[in-house]
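Here is the file upload.txt (compact mmCIF, C-alpha atoms).
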```txt
# COMPACT_ATOMS: atom_id res chain seq x y z
CA MET A 127 -39.21 17.44 -37.44
CA ALA A 128 -42.91 16.53 -37.02
CA GLU A 129 -43.49 16.84 -40.79
CA MET A 130 -40.49 14.61 -41.48
CA ASN A 131 -41.75 11.97 -39.06
CA GLN A 132 -45.19 12.04 -40.70
CA LYS A 133 -43.60 11.61 -44.12
CA ILE A 134 -41.60 8.60 -42.93
CA ALA A 135 -44.74 7.07 -41.41
CA ARG A 136 -46.75 7.56 -44.63
CA GLN A 137 -44.01 5.71 -46.51
CA GLY A 138 -44.32 2.75 -44.16
CA GLY A 139 -41.27 3.55 -42.05
CA ASP A 140 -40.86 3.95 -38.32
CA PRO A 141 -39.83 7.53 -37.38
CA ARG A 142 -38.44 6.22 -34.06
CA VAL A 143 -35.76 4.22 -35.87
CA LYS A 144 -32.57 6.11 -36.59
CA ALA A 145 -31.76 6.18 -40.28
CA ALA A 146 -28.74 4.05 -41.13
CA PRO A 147 -25.66 5.92 -42.31
CA GLU A 148 -24.97 5.75 -46.03
CA LYS A 149 -21.73 3.85 -45.54
CA SER A 150 -21.07 1.21 -42.89
CA PRO A 151 -17.60 1.38 -41.31
CA THR A 152 -15.49 -1.74 -41.22
CA PHE A 153 -15.28 -3.76 -38.03
CA ALA A 154 -11.64 -2.67 -37.66
CA GLU A 155 -12.65 1.00 -37.84
CA MET A 156 -15.35 0.46 -35.24
CA TYR A 157 -12.87 -1.42 -33.02
CA GLU A 158 -10.51 1.57 -33.14
CA VAL A 159 -13.33 3.90 -32.03
CA VAL A 160 -14.36 1.63 -29.16
CA THR A 161 -10.74 1.14 -28.04
CA GLN A 162 -10.18 4.89 -28.03
CA ASN A 163 -13.31 5.46 -25.95
CA ARG A 164 -12.29 2.76 -23.48
CA SER A 165 -8.76 4.11 -23.11
CA LYS A 166 -9.76 6.35 -20.19
CA ASN A 167 -11.15 3.47 -18.16
CA TRP A 168 -8.58 0.68 -18.43
CA LYS A 169 -7.93 -0.62 -14.93
CA THR A 170 -4.37 -1.64 -15.79
CA ALA A 171 -2.03 -1.55 -18.76
CA GLY A 172 -2.30 -5.34 -18.81
CA THR A 173 -6.07 -5.19 -19.35
CA HIS A 174 -5.58 -2.86 -22.30
CA ALA A 175 -2.83 -5.07 -23.73
CA ALA A 176 -4.99 -8.21 -23.43
CA TRP A 177 -7.88 -6.47 -25.25
CA VAL A 178 -5.62 -5.34 -28.11
CA ARG A 179 -3.83 -8.68 -28.33
CA MET A 180 -7.07 -10.66 -28.67
CA PHE A 181 -8.43 -8.42 -31.41
CA GLU A 182 -5.19 -8.20 -33.39
CA ASN A 183 -4.40 -11.92 -33.15
CA ASP A 184 -7.81 -13.61 -33.29
CA ILE A 185 -10.60 -11.28 -34.35
CA LEU A 186 -9.44 -8.61 -36.82
CA PRO A 187 -7.74 -11.08 -39.22
CA ALA A 188 -11.13 -12.78 -39.66
CA ILE A 189 -13.62 -9.87 -39.85
CA GLY A 190 -11.61 -6.66 -39.57
CA LEU A 191 -12.06 -5.59 -43.19
CA LYS A 192 -15.78 -6.40 -43.37
CA PRO A 193 -18.37 -3.62 -42.95
CA VAL A 194 -20.07 -4.06 -39.58
CA ALA A 195 -23.46 -4.12 -41.33
CA ASP A 196 -22.45 -7.20 -43.34
CA ILE A 197 -21.00 -9.37 -40.58
CA THR A 198 -23.15 -12.38 -39.77
CA ILE A 199 -23.60 -14.44 -36.66
CA THR A 200 -21.86 -17.29 -38.51
CA ASP A 201 -18.77 -15.10 -39.00
CA ILE A 202 -18.55 -14.58 -35.25
CA LYS A 203 -19.33 -18.20 -34.46
CA ASN A 204 -16.37 -19.28 -36.60
CA ILE A 205 -14.09 -17.12 -34.45
CA VAL A 206 -15.51 -18.03 -31.06
CA GLU A 207 -16.52 -21.70 -31.28
CA PRO A 208 -13.06 -23.32 -31.61
CA ASP A 209 -12.08 -21.87 -28.20
CA TRP A 210 -15.52 -22.06 -26.60
CA ASN A 211 -15.34 -23.96 -23.34
CA GLY A 212 -17.51 -22.05 -20.94
CA ARG A 213 -17.29 -18.87 -18.97
CA GLY A 214 -13.84 -17.33 -18.56
CA THR A 215 -12.26 -19.18 -21.48
CA LYS A 216 -10.77 -17.58 -24.57
CA GLY A 217 -13.89 -18.16 -26.69
CA HIS A 218 -16.12 -16.62 -24.04
CA LEU A 219 -13.90 -13.54 -23.77
CA ALA A 220 -13.71 -13.19 -27.56
CA ARG A 221 -17.50 -13.23 -27.89
CA GLN A 222 -17.80 -10.72 -25.06
CA ASN A 223 -15.27 -8.34 -26.64
CA ILE A 224 -16.90 -8.58 -30.08
CA GLU A 225 -20.26 -7.87 -28.46
CA SER A 226 -18.83 -4.63 -27.02
CA VAL A 227 -17.84 -3.40 -30.47
CA PHE A 228 -21.23 -4.28 -31.97
CA ALA A 229 -23.01 -2.55 -29.08
CA TRP A 230 -21.32 0.65 -30.22
CA ALA A 231 -22.31 -0.04 -33.82
CA VAL A 232 -25.95 -0.60 -32.85
CA GLY A 233 -25.98 2.49 -30.68
CA ASN A 234 -24.77 4.59 -33.59
CA GLY A 235 -27.23 3.17 -36.09
CA TYR A 236 -24.83 1.12 -38.21
CA ARG A 237 -26.92 -2.02 -37.78
CA PRO A 238 -30.14 -2.94 -35.91
CA ASP A 239 -28.88 -5.99 -34.02
CA ASN A 240 -25.91 -7.32 -32.10
CA PRO A 241 -24.98 -10.71 -33.60
CA ALA A 242 -22.43 -11.45 -30.87
CA ALA A 243 -25.14 -11.08 -28.21
CA SER A 244 -27.43 -13.42 -30.16
CA LEU A 245 -24.64 -15.99 -30.32
CA LYS A 246 -25.08 -16.81 -26.63
CA ALA A 247 -28.35 -18.58 -27.45
CA ILE A 248 -26.67 -20.75 -30.09
CA LEU A 249 -23.53 -21.89 -28.32
CA SER A 250 -24.16 -24.70 -25.89
CA PRO A 251 -23.57 -23.84 -22.23
CA VAL A 252 -20.53 -25.58 -20.82
CA ARG A 253 -20.11 -26.45 -17.20
CA ARG A 254 -17.30 -24.35 -15.89
CA VAL A 255 -14.35 -26.29 -14.57
CA VAL A 256 -12.26 -24.34 -12.10
CA LYS A 257 -8.71 -24.51 -13.33
CA HIS A 258 -5.98 -22.86 -11.31
CA HIS A 259 -3.13 -20.96 -12.89
CA PRO A 260 -0.01 -23.12 -13.27
CA SER A 261 1.83 -22.63 -10.01
CA LEU A 262 5.15 -23.72 -8.61
CA PRO A 263 4.93 -26.19 -5.70
CA TYR A 264 6.03 -24.02 -2.79
CA ARG A 265 8.73 -26.46 -1.67
CA GLN A 266 10.54 -25.79 -4.97
CA ALA A 267 10.28 -22.01 -4.63
CA PRO A 268 13.54 -21.28 -2.73
CA GLU A 269 15.61 -23.22 -5.26
CA ALA A 270 13.74 -21.65 -8.18
CA LEU A 271 14.31 -18.12 -6.88
CA ALA A 272 18.00 -18.88 -6.41
CA GLU A 273 18.06 -19.80 -10.12
CA TRP A 274 16.03 -16.71 -10.94
CA GLN A 275 18.72 -14.46 -9.49
CA GLU A 276 21.34 -16.02 -11.80
CA LEU A 277 19.37 -15.50 -15.01
CA ARG A 278 20.35 -12.68 -17.38
CA ILE A 279 17.15 -10.62 -17.26
CA LYS A 280 16.66 -6.87 -17.19
CA LYS A 281 16.96 -5.66 -13.61
CA PRO A 282 13.50 -3.97 -13.42
CA VAL A 283 11.79 -7.11 -14.73
CA LYS A 284 13.75 -9.44 -12.47
CA LEU A 285 13.12 -7.38 -9.35
CA ALA A 286 9.47 -6.64 -10.18
CA VAL A 287 8.76 -10.38 -10.32
CA LEU A 288 10.67 -11.00 -7.11
CA PHE A 289 8.81 -8.14 -5.42
CA MET A 290 5.52 -9.58 -6.67
CA ILE A 291 6.30 -13.00 -5.21
CA LEU A 292 7.48 -11.63 -1.86
CA THR A 293 4.33 -9.52 -1.45
CA ALA A 294 1.92 -12.16 -2.89
CA ALA A 295 0.62 -9.42 -5.20
CA ARG A 296 -0.93 -9.63 -8.64
CA LEU A 297 1.48 -8.98 -11.48
CA SER A 298 -0.08 -5.69 -12.61
CA GLU A 299 -0.05 -4.41 -9.04
CA ALA A 300 3.67 -5.10 -8.67
CA THR A 301 4.84 -3.92 -12.09
CA GLY A 302 2.80 -0.73 -11.83
CA VAL A 303 3.92 0.31 -8.34
CA THR A 304 5.07 3.93 -8.02
CA TRP A 305 7.25 5.52 -5.38
CA ARG A 306 4.24 7.49 -4.15
CA GLU A 307 2.70 4.20 -2.99
CA ILE A 308 5.76 3.24 -0.93
CA ASP A 309 6.27 4.42 2.64
CA LEU A 310 9.78 3.38 3.63
CA SER A 311 9.46 4.74 7.17
CA GLU A 312 6.27 2.76 7.81
CA ARG A 313 7.59 -0.16 5.75
CA THR A 314 4.36 -0.42 3.78
CA TRP A 315 3.13 -0.40 0.21
CA ARG A 316 -0.29 1.24 -0.18
CA VAL A 317 -1.93 0.09 -3.42
CA PRO A 318 -4.66 2.56 -4.47
CA ALA A 319 -8.21 1.32 -5.06
CA GLU A 320 -8.11 1.98 -8.80
CA ARG A 321 -5.26 -0.51 -9.19
CA MET A 322 -6.89 -3.24 -7.13
CA LYS A 323 -9.19 -5.93 -8.49
CA ALA A 324 -11.49 -5.52 -5.48
CA GLY A 325 -11.62 -1.75 -5.99
CA ARG A 326 -10.43 -0.84 -2.51
CA VAL A 327 -7.13 0.30 -1.03
CA HIS A 328 -4.79 -2.50 0.04
CA THR A 329 -1.87 -1.89 2.41
CA VAL A 330 0.92 -4.43 2.14
CA PRO A 331 3.46 -4.86 4.98
CA LEU A 332 6.94 -5.03 3.46
CA SER A 333 9.43 -7.66 4.54
CA GLU A 334 13.13 -6.95 4.97
CA GLN A 335 13.76 -8.60 1.60
CA ALA A 336 11.09 -6.54 -0.17
CA LEU A 337 12.64 -3.36 1.26
CA GLU A 338 16.03 -4.52 0.04
CA ILE A 339 14.65 -4.81 -3.48
CA LEU A 340 13.31 -1.25 -3.29
CA ASN A 341 16.74 -0.07 -2.14
CA HIS A 342 18.21 -1.53 -5.32
CA MET A 343 15.98 0.73 -7.42
CA LYS A 344 16.88 4.41 -7.70
CA PHE A 345 14.31 6.77 -6.20
CA PRO A 346 13.79 9.82 -8.45
CA ALA A 347 13.53 12.58 -5.85
CA SER A 348 11.75 14.94 -8.24
CA ARG A 349 8.90 12.57 -9.13
CA GLU A 350 7.12 10.52 -6.51
CA ASP A 351 4.71 9.21 -9.16
CA SER A 352 7.56 7.57 -11.06
CA LEU A 353 7.44 3.82 -11.60
CA VAL A 354 9.65 1.81 -9.28
CA PHE A 355 10.34 -0.88 -11.89
CA ALA A 356 10.54 1.30 -15.01
CA VAL A 357 11.74 -0.06 -18.36
CA VAL A 358 12.28 1.66 -21.71
CA ASP A 359 10.37 0.15 -24.63
CA ARG A 360 11.38 0.02 -28.29
CA ASN A 361 9.99 3.48 -28.90
CA GLY A 362 12.00 4.99 -26.08
CA ARG A 363 8.99 5.35 -23.78
CA ILE A 364 9.28 4.73 -20.05
CA ARG A 365 6.71 2.19 -18.91
CA GLU A 366 6.12 -0.68 -16.53
CA PRO A 367 7.32 -4.19 -17.43
CA SER A 368 4.76 -5.83 -19.70
CA GLN A 369 3.14 -9.19 -19.19
CA ASP A 370 5.03 -10.47 -22.24
CA MET A 371 8.36 -9.40 -20.71
CA VAL A 372 7.55 -11.29 -17.53
CA SER A 373 6.29 -14.35 -19.43
CA ASP A 374 9.49 -14.46 -21.50
CA ALA A 375 11.58 -14.20 -18.34
CA LEU A 376 9.65 -16.98 -16.59
CA ARG A 377 10.06 -19.11 -19.71
CA LYS A 378 13.84 -18.82 -19.22
CA LEU A 379 13.40 -20.16 -15.70
CA GLY A 380 11.85 -23.28 -17.22
CA ARG A 381 9.86 -24.37 -14.17
CA LYS A 382 6.60 -26.31 -14.48
CA ASP A 383 3.73 -27.21 -12.18
CA ALA A 384 2.71 -30.69 -11.05
CA ASP A 385 0.77 -31.21 -14.30
CA GLY A 386 3.68 -30.26 -16.51
CA ARG A 387 2.37 -26.79 -17.37
CA ARG A 388 4.82 -23.88 -17.53
CA ILE A 389 4.35 -21.68 -14.48
CA VAL A 390 2.91 -18.18 -14.82
CA ALA A 391 3.28 -15.11 -12.63
CA HIS A 392 -0.19 -15.35 -11.09
CA GLY A 393 0.51 -18.91 -9.98
CA PHE A 394 2.83 -17.68 -7.24
CA ARG A 395 -0.22 -16.39 -5.35
CA ARG A 396 -1.44 -19.97 -5.17
CA SER A 397 2.04 -21.11 -4.06
CA PHE A 398 1.79 -18.59 -1.22
CA ARG A 399 -1.74 -19.70 -0.31
CA VAL A 400 -0.84 -23.40 -0.13
CA TRP A 401 2.33 -22.61 1.84
CA GLY A 402 0.33 -20.45 4.24
CA ILE A 403 -2.03 -23.32 5.04
CA GLU A 404 0.32 -26.31 4.96
CA GLN A 405 3.53 -24.93 6.39
CA ALA A 406 2.87 -21.59 8.12
CA ARG A 407 -0.42 -22.87 9.60
CA ALA A 408 -1.82 -19.39 9.14
CA ALA A 409 -5.47 -18.60 9.75
CA ARG A 410 -7.64 -18.52 6.64
CA GLU A 411 -8.64 -14.89 7.12
CA VAL A 412 -4.99 -13.81 7.40
CA CYS A 413 -4.04 -15.54 4.13
CA GLU A 414 -7.11 -14.16 2.38
CA ALA A 415 -6.36 -10.65 3.64
CA ALA A 416 -2.76 -10.94 2.46
CA LEU A 417 -4.04 -11.86 -1.01
CA ALA A 418 -6.62 -9.04 -0.90
CA HIS A 419 -9.37 -11.54 -1.69
CA GLN A 420 -12.97 -10.44 -1.38
CA GLU A 421 -15.26 -12.50 0.85
CA SER A 422 -17.86 -14.14 -1.40
CA ASP A 423 -20.45 -14.25 1.37
CA ARG A 424 -21.92 -10.73 1.52
CA THR A 425 -23.02 -11.08 5.12
CA VAL A 426 -19.56 -12.14 6.24
CA ALA A 427 -18.02 -9.44 4.07
CA ALA A 428 -20.16 -6.78 5.72
CA TYR A 429 -18.87 -7.77 9.17
CA THR A 430 -15.22 -8.19 8.14
CA ALA A 431 -14.82 -5.21 5.79
CA GLU A 432 -13.28 -3.09 8.54
CA ALA A 433 -11.27 -5.91 10.13
CA ASP A 434 -7.69 -6.19 8.98
CA PRO A 435 -5.26 -8.54 10.76
CA PHE A 436 -2.37 -6.30 9.74
CA ASP A 437 0.07 -7.40 12.45
CA ASP A 438 -0.59 -11.04 11.60
CA ARG A 439 -0.11 -10.28 7.91
CA LYS A 440 3.14 -8.49 8.67
CA GLU A 441 4.51 -11.53 10.50
CA LEU A 442 3.26 -13.90 7.77
CA MET A 443 4.87 -11.92 4.93
CA GLN A 444 8.22 -11.84 6.73
CA THR A 445 8.05 -15.58 7.34
CA TRP A 446 7.21 -16.12 3.66
CA ALA A 447 10.17 -13.97 2.57
CA ASP A 448 12.54 -15.80 4.94
CA PHE A 449 11.34 -19.12 3.54
CA LEU A 450 11.75 -18.04 -0.09
CA LEU A 451 15.13 -16.38 0.27
CA SER A 452 16.66 -18.59 2.92
CA ARG A 453 19.83 -18.79 0.87
CA PRO A 454 22.24 -15.84 0.42
CA TRP A 455 21.07 -13.72 -2.48
CA SER A 456 22.12 -10.72 -4.51
CA VAL A 457 20.82 -8.74 -7.47
CA LYS A 458 22.41 -9.50 -10.83
CA GLU A 459 21.41 -8.24 -14.25
```
Let's see the structure in the file written out as structure tokens.
Amino acid sequence: MAEMNQKIARQGGDPRVKAAPEKSPTFAEMYEVVTQNRSKNWKTAGTHAAWVRMFENDILPAIGLKPVADITITDIKNIVEPDWNGRGTKGHLARQNIESVFAWAVGNGYRPDNPAASLKAILSPVRRVVKHHPSLPYRQAPEALAEWQELRIKKPVKLAVLFMILTAARLSEATGVTWREIDLSERTWRVPAERMKAGRVHTVPLSEQALEILNHMKFPASREDSLVFAVVDRNGRIREPSQDMVSDALRKLGRKDADGRRIVAHGFRRSFRVWGIEQARAAREVCEAALAHQESDRTVAAYTAEADPFDDRKELMQTWADFLLSRPWSVKE
């Protein structure tokens, strides 16, 4: 090895630099490798689906067939810039995802630089504008949910969304719930840390209406880890309802927010938050705990990490459910 390094140095090379492979893989091939390696660490099926969807729809058609060694910063700029509008936007996420693939390429000696990382210095910084998810004004929610029950939608999808709204949960938390997480005797839903955005266990008090939804789903006695809201996909696989399934169902509902935007699943958390303040007059910390929000102030978070107003949350969630489903309701498919 020492002789080889000396030979490289005599020829003007740097023995510390890994020799480039003879053939550079295409970006699509490198994407497949990175996706496979990330498959063990996806937090939710929705995160995985969003990663794949962005690459297949927006990135691979543009540079997928090019060798990673030949892709230029201009190639990436052409993909990212049209949707570049600051942190958290589609362009920002696209650049970030492309950077992840090139990081793997650099680490394996397929090219010396990461053009997606360099792109940050070229694109102008944009002041981030906080834009909430399209949400239904809470006063319209009871009528909307009455309409929701009449729509012809697959039962697991319909009830998963209703369960999500009643518990003020995130979509992936509700669609991915298993029977192991449900304690019918304690009337609670214990979401494990690995399925929570904050990375810590969240115990949700279940209202009478949420328990009624669970009673409509068949409990498989032999498998506690079975999905509560299981669907069968086109390939015959049992899985949780996808984000696309829920989006299609909400599109049938046809409801829009105050700005005329079609409502999305996550927007119901905002509906709950506004209702909690304006109508229920609930304390801020109770609403935030119900939403499993992390305290941004680290000092406050350190003092409140162990505090959980569970009894107050229990009362609030039942009041929310009574408000939403004040009319007679039933499950139809």
Checklist entry - Pick the closest to Leu332 in chain A from A:Ile199, A:Val303, A:Ile248, A:Ala447: which is it, counting only C-alpha atoms? => result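 Closest to Leu332 in chain A, using only C-alpha atoms: A:Ala447.
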Next on the checklist: Set the distance at 10 Å and use all atoms listed in the file: which residues neighbour range 213-227 of chain A once local chain neighbours fewer than 6 positions away are removed? I'd like the list as JSON, numbers by chain.
Outcome noted: {"A": [153, 154, 156, 157, 158, 159, 160, 161, 177, 180, 181, 184, 185, 194, 202, 203, 205, 206, 207, 240, 241, 242, 243, 244, 245, 246, 251, 252, 253, 254, 255, 256]}
For those residues, write C-alpha atoms to a file as an mmCIF file, in the coordinates of the input.
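again26.cif written:
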```
data_model
loop_
_atom_site.group_PDB
_atom_site.id
_atom_site.type_symbol
_atom_site.label_atom_id
_atom_site.label_comp_id
_atom_site.auth_asym_id
_atom_site.auth_seq_id
_atom_site.Cartn_x
_atom_site.Cartn_y
_atom_site.Cartn_z
ATOM 1 C CA PHE A 153 -15.280 -3.760 -38.030
ATOM 2 C CA ALA A 154 -11.640 -2.670 -37.660
ATOM 3 C CA MET A 156 -15.350 0.460 -35.240
ATOM 4 C CA TYR A 157 -12.870 -1.420 -33.020
ATOM 5 C CA GLU A 158 -10.510 1.570 -33.140
ATOM 6 C CA VAL A 159 -13.330 3.900 -32.030
ATOM 7 C CA VAL A 160 -14.360 1.630 -29.160
ATOM 8 C CA THR A 161 -10.740 1.140 -28.040
ATOM 9 C CA TRP A 177 -7.880 -6.470 -25.250
ATOM 10 C CA MET A 180 -7.070 -10.660 -28.670
ATOM 11 C CA PHE A 181 -8.430 -8.420 -31.410
ATOM 12 C CA ASP A 184 -7.810 -13.610 -33.290
ATOM 13 C CA ILE A 185 -10.600 -11.280 -34.350
ATOM 14 C CA VAL A 194 -20.070 -4.060 -39.580
ATOM 15 C CA ILE A 202 -18.550 -14.580 -35.250
ATOM 16 C CA LYS A 203 -19.330 -18.200 -34.460
ATOM 17 C CA ILE A 205 -14.090 -17.120 -34.450
ATOM 18 C CA VAL A 206 -15.510 -18.030 -31.060
ATOM 19 C CA GLU A 207 -16.520 -21.700 -31.280
ATOM 20 C CA ASN A 240 -25.910 -7.320 -32.100
ATOM 21 C CA PRO A 241 -24.980 -10.710 -33.600
ATOM 22 C CA ALA A 242 -22.430 -11.450 -30.870
ATOM 23 C CA ALA A 243 -25.140 -11.080 -28.210
ATOM 24 C CA SER A 244 -27.430 -13.420 -30.160
ATOM 25 C CA LEU A 245 -24.640 -15.990 -30.320
ATOM 26 C CA LYS A 246 -25.080 -16.810 -26.630
ATOM 27 C CA PRO A 251 -23.570 -23.840 -22.230
ATOM 28 C CA VAL A 252 -20.530 -25.580 -20.820
ATOM 29 C CA ARG A 253 -20.110 -26.450 -17.200
ATOM 30 C CA ARG A 254 -17.300 -24.350 -15.890
ATOM 31 C CA VAL A 255 -14.350 -26.290 -14.570
ATOM 32 C CA VAL A 256 -12.260 -24.340 -12.100
#
```
Checklist entry - What lies within 12 Å of Val358 in chain A using all atoms listed in the file, ignoring chain neighbours under 3 positions off, as a ChimeraX atom specification? => result /A:280-283,353,355,361-368,371
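One distance worth recording is that between CA of Leu191 in chain A and CA of Val178 in chain A, which is 16.4 Å.
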Item to check | Distance in Å - CA of Ser333 in chain A versus CA of Arg321 in chain A | outcome: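 Computed distance, CA of Ser333 in chain A to CA of Arg321 in chain A, equals 21.3 Å.
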Item to check | Nearby residues (only C-alpha atoms) at most 10 Å from Ile308 in chain A, same-chain spacing under 3 positions excluded, as a PyMOL selection string | outcome: chain A and resi 303-305+311-317+329-330+332+337+340+350+354
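For the pair CA of Ser298 in chain A and CA of Lys382 in chain A, the interatomic distance is 21.8 Å.
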Checklist entry - Out of A:Ala176, A:Asp448, A:Glu276, A:Arg265, which residue has the shortest atom-to-atom distance to Glu404 in chain A when counting only C-alpha atoms? => result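 For Glu404 in chain A, the nearest of the candidates is A:Arg265.
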Work out where the centre of an axis-aligned box around every listed atom of range 153-160 of chain A lies and how long its edges are once 5 Å is added on each side; give both in Å to one decimal as JSON.
```
{"center_x": -12.9, "center_y": 0.1, "center_z": -33.6, "size_x": 14.8, "size_y": 17.7, "size_z": 18.9}
```
Item to check | Selected residue, from A:Ser352, A:Glu334, A:Ala418, A:Ala267, that lies nearest to Glu307 in chain A when counting all atoms listed in the file | outcome: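 Looking at the shortest contact to Glu307 in chain A, the residue is A:Ser352.
Among A:Glu155, A:Lys344, A:Leu442, A:Phe394, the residue with the shortest atom-to-atom distance to Trp230 in chain A, counting all atoms listed in the file, is A:Glu155.
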Checklist entry - Which one is closest to Ala295 in chain A: A:Ala336, A:Ala229, A:Ala384, A:Ala375? Count all atoms listed in the file. => result A:Ala336
Checklist entry - Can you tell me, as number ranges by chain, which residues sit within 10 Å of (-0.3, -20.2, -2.3) in the file's frame, using all atoms listed in the file? => result A: 261-264, 294, 393-404, 413, 417
Item to check | Residues within 12 Å of (11.0, -20.9, -14.2), counting only C-alpha atoms, listed as a ChimeraX atom specification | outcome: /A:260-263,266-277,284,287,372-383,387-391,393-394
Checklist entry - When distances are computed from only C-alpha atoms, which of A:Thr173, A:Gln420, A:Asn163, A:Ser150 shows the smallest separation from Ala231 in chain A? => result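 Going through A:Thr173, A:Gln420, A:Asn163, A:Ser150 one by one, the smallest distance to Ala231 in chain A is for A:Ser150.
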